[in-house]
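Enquirer: Provided herewith is a single structure, encoded as structure tokens, for subsequent inquiry.
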Amino acid sequence: MSRAPKYAAPVPKYCLLDLKVAADDQAARFFKKQGCTEIHTFGDVKLILGYIASAFAFTDFYFTWKKDFQKVKHITLICVSSYFVLTGLLFLWMTFVVGKTCYQGVTANKEGHFKMSSVHILDEGYQPIYKITVEYSPSVSGPPITHKAEASIPFASFVDDLGRISIATFDEQLAQIVNKVRPTKKDQ
């Protein structure tokens, strides 16, 4: 019989980026426990663009290593230009399409679609805050309706002194936000 862990793996509690990434990972686990299936489109596009750009870089390396540069300078021009364009596309994809989105998924019975965005900020008292936005869109026919809720949660409320995320506390706080956006049967 497996026992669910009480805490997530520890992270350096003074590094906001590490805390945010750990919280984002825990949010994905929360949605999985709720029966949601993650949509990996954002990651897939990043991987495809990155692998193709790397293939061009490797091609350029291979030809310039095996042959004289003067004979392959046209290949180098094509490879370098392609690499530049692909990494530019990757930057634009990450900036304008993915943005701050850390989770996208559909519910178990395909009745709706969740999207979660997050940022980490410091308030006026230098208190680290995990600011999240959860959106829920029903997958039913008709006009597209998006329910949205935002929350600012202090990291101190779910991260202990050792840098471990309390899974129960985090899941409870995230569940409150998700319940605000998911309509009940009488609302539909």
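Within each chain, counting starts at residue 1; across the structure tokens, chains are named A, B, ... in the order shown, with ligands numbered 1 upward in that order.
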May I have the residues within 9 Å of Gly35 of chain A as a list in words, using only C-alpha atoms and disregarding those fewer than 6 positions away in the same chain?

Expert: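 After dropping sequence-adjacent residues, the list is Val106, Thr107, Ala108 and Asn109 of chain A.
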
Enquirer: Please return as a list of chain:residue names: the residues of segment 88-131 of chain A that backbone DSSP assigns to strand (DSSP E or B).

Expert: A:Thr101, A:Cys102, A:Tyr103, A:Gln104, A:Gly105, A:Val106, A:Gly112, A:His113, A:Phe114, A:Lys115, A:Met116, A:Ser117, A:Ser118, A:Val119, A:His120, A:Ile121, A:Leu122, A:Pro128, A:Ile129, A:Tyr130, A:Lys131

Enquirer: Would you pick out the contacts of segment 166-181 of chain A at 7 Å or less, using only C-alpha atoms, so that residues sharing its chain but fewer than 4 positions from it are not included, and give the list as a compact mmCIF listing (two decimals) with C-alpha atoms, in the first residue's frame?

Expert:
# COMPACT_ATOMS: atom_id res chain seq x y z
CA LYS A 6 2.96 14.91 3.04
CA TYR A 7 5.48 17.28 1.45
CA ALA A 8 6.86 17.84 -2.02
CA PHE A 30 -3.31 18.64 -8.19
CA VAL A 134 -7.35 29.82 -13.20
CA GLU A 135 -9.65 29.78 -16.22
CA TYR A 136 -12.32 27.20 -16.96
CA HIS A 147 -14.95 31.50 -16.00
CA LYS A 148 -11.92 33.13 -14.42
CA ALA A 149 -10.60 33.53 -10.89
CA PHE A 158 2.21 26.48 1.97
CA VAL A 159 6.05 26.33 2.13

Enquirer: Going by DSSP on the backbone, which bits of segment 12-182 of chain A are alpha helix (DSSP H)? Write them as a VMD selection string, please.

Expert: chain A and resid 16 to 33 41 to 66 69 to 92 167 to 181

Enquirer: Taking only C-alpha atoms into account, name the residue in A:Cys102, A:Ile132, A:Ile75, A:Ala151 that is nearest to His40 of chain A.

Expert: A:Cys102

Enquirer: Segment 45-55 of chain A: which residues within 7 Å, counting only C-alpha atoms, same-chain residues fewer than 4 positions away excluded, as a list of chain:residue names?

Expert: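 What passes the distance filter is A:Thr41, A:Thr59, A:Tyr83, A:Leu86, A:Thr87, A:Leu90.
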
Enquirer: What does the file look like for those residues with all heavy atoms, as a PDB file, in the first residue's frame?

Expert:
ATOM      1  N   THR A  41       0.555  20.587 -25.716  1.00  0.00           N
ATOM      2  CA  THR A  41       0.820  21.292 -26.971  1.00  0.00           C
ATOM      3  C   THR A  41       1.933  22.321 -26.826  1.00  0.00           C
ATOM      4  O   THR A  41       2.807  22.402 -27.686  1.00  0.00           O
ATOM      5  CB  THR A  41      -0.467  21.994 -27.461  1.00  0.00           C
ATOM      6  OG1 THR A  41      -1.500  21.027 -27.534  1.00  0.00           O
ATOM      7  CG2 THR A  41      -0.254  22.627 -28.815  1.00  0.00           C
ATOM      8  N   THR A  59      24.170  20.039 -38.204  1.00  0.00           N
ATOM      9  CA  THR A  59      24.496  19.927 -39.625  1.00  0.00           C
ATOM     10  C   THR A  59      25.623  20.875 -39.993  1.00  0.00           C
ATOM     11  O   THR A  59      26.572  20.490 -40.698  1.00  0.00           O
ATOM     12  CB  THR A  59      23.243  20.216 -40.483  1.00  0.00           C
ATOM     13  OG1 THR A  59      22.218  19.304 -40.107  1.00  0.00           O
ATOM     14  CG2 THR A  59      23.535  20.082 -41.960  1.00  0.00           C
ATOM     15  N   TYR A  83      18.758  28.428 -38.016  1.00  0.00           N
ATOM     16  CA  TYR A  83      18.848  28.391 -36.554  1.00  0.00           C
ATOM     17  C   TYR A  83      18.344  29.706 -35.956  1.00  0.00           C
ATOM     18  O   TYR A  83      17.582  29.705 -34.985  1.00  0.00           O
ATOM     19  CB  TYR A  83      20.295  28.125 -36.126  1.00  0.00           C
ATOM     20  CG  TYR A  83      20.467  28.013 -34.639  1.00  0.00           C
ATOM     21  CD1 TYR A  83      20.215  26.818 -33.994  1.00  0.00           C
ATOM     22  CD2 TYR A  83      20.866  29.107 -33.872  1.00  0.00           C
ATOM     23  CE1 TYR A  83      20.360  26.697 -32.623  1.00  0.00           C
ATOM     24  CE2 TYR A  83      21.013  29.002 -32.502  1.00  0.00           C
ATOM     25  CZ  TYR A  83      20.760  27.802 -31.886  1.00  0.00           C
ATOM     26  OH  TYR A  83      20.894  27.703 -30.532  1.00  0.00           O
ATOM     27  N   LEU A  86      14.492  29.855 -36.347  1.00  0.00           N
ATOM     28  CA  LEU A  86      13.797  28.921 -35.452  1.00  0.00           C
ATOM     29  C   LEU A  86      13.877  29.351 -33.989  1.00  0.00           C
ATOM     30  O   LEU A  86      12.883  29.263 -33.266  1.00  0.00           O
ATOM     31  CB  LEU A  86      14.361  27.514 -35.620  1.00  0.00           C
ATOM     32  CG  LEU A  86      13.959  26.832 -36.928  1.00  0.00           C
ATOM     33  CD1 LEU A  86      14.789  25.586 -37.153  1.00  0.00           C
ATOM     34  CD2 LEU A  86      12.477  26.496 -36.924  1.00  0.00           C
ATOM     35  N   THR A  87      15.034  29.828 -33.541  1.00  0.00           N
ATOM     36  CA  THR A  87      15.114  30.292 -32.156  1.00  0.00           C
ATOM     37  C   THR A  87      14.318  31.580 -31.969  1.00  0.00           C
ATOM     38  O   THR A  87      13.768  31.812 -30.893  1.00  0.00           O
ATOM     39  CB  THR A  87      16.575  30.483 -31.702  1.00  0.00           C
ATOM     40  OG1 THR A  87      17.251  31.342 -32.611  1.00  0.00           O
ATOM     41  CG2 THR A  87      17.289  29.151 -31.597  1.00  0.00           C
ATOM     42  N   LEU A  90      10.853  30.381 -31.572  1.00  0.00           N
ATOM     43  CA  LEU A  90      10.718  29.831 -30.228  1.00  0.00           C
ATOM     44  C   LEU A  90      10.531  30.944 -29.198  1.00  0.00           C
ATOM     45  O   LEU A  90       9.682  30.858 -28.307  1.00  0.00           O
ATOM     46  CB  LEU A  90      11.944  28.987 -29.880  1.00  0.00           C
ATOM     47  CG  LEU A  90      11.952  28.300 -28.518  1.00  0.00           C
ATOM     48  CD1 LEU A  90      10.777  27.351 -28.368  1.00  0.00           C
ATOM     49  CD2 LEU A  90      13.259  27.549 -28.319  1.00  0.00           C
TER      50      LEU A  90
END

Enquirer: Which residues come within 8 Å of segment 112-125 of chain A, counting only C-alpha atoms, excluding same-chain residues fewer than 2 positions away, as JSON, numbers by chain?

Expert: {"A": [16, 17, 20, 24, 100, 101, 102, 103, 104, 105, 106, 107, 110, 127, 128, 129, 130, 131, 132, 133, 134, 135, 136, 137, 138, 139, 140]}

Enquirer: Could you state the separation of atom CA of Pro144 of chain A and atom CA of Arg182 of chain A in Å, given to one decimal place?

Expert: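 It comes out at 14.3 Å.
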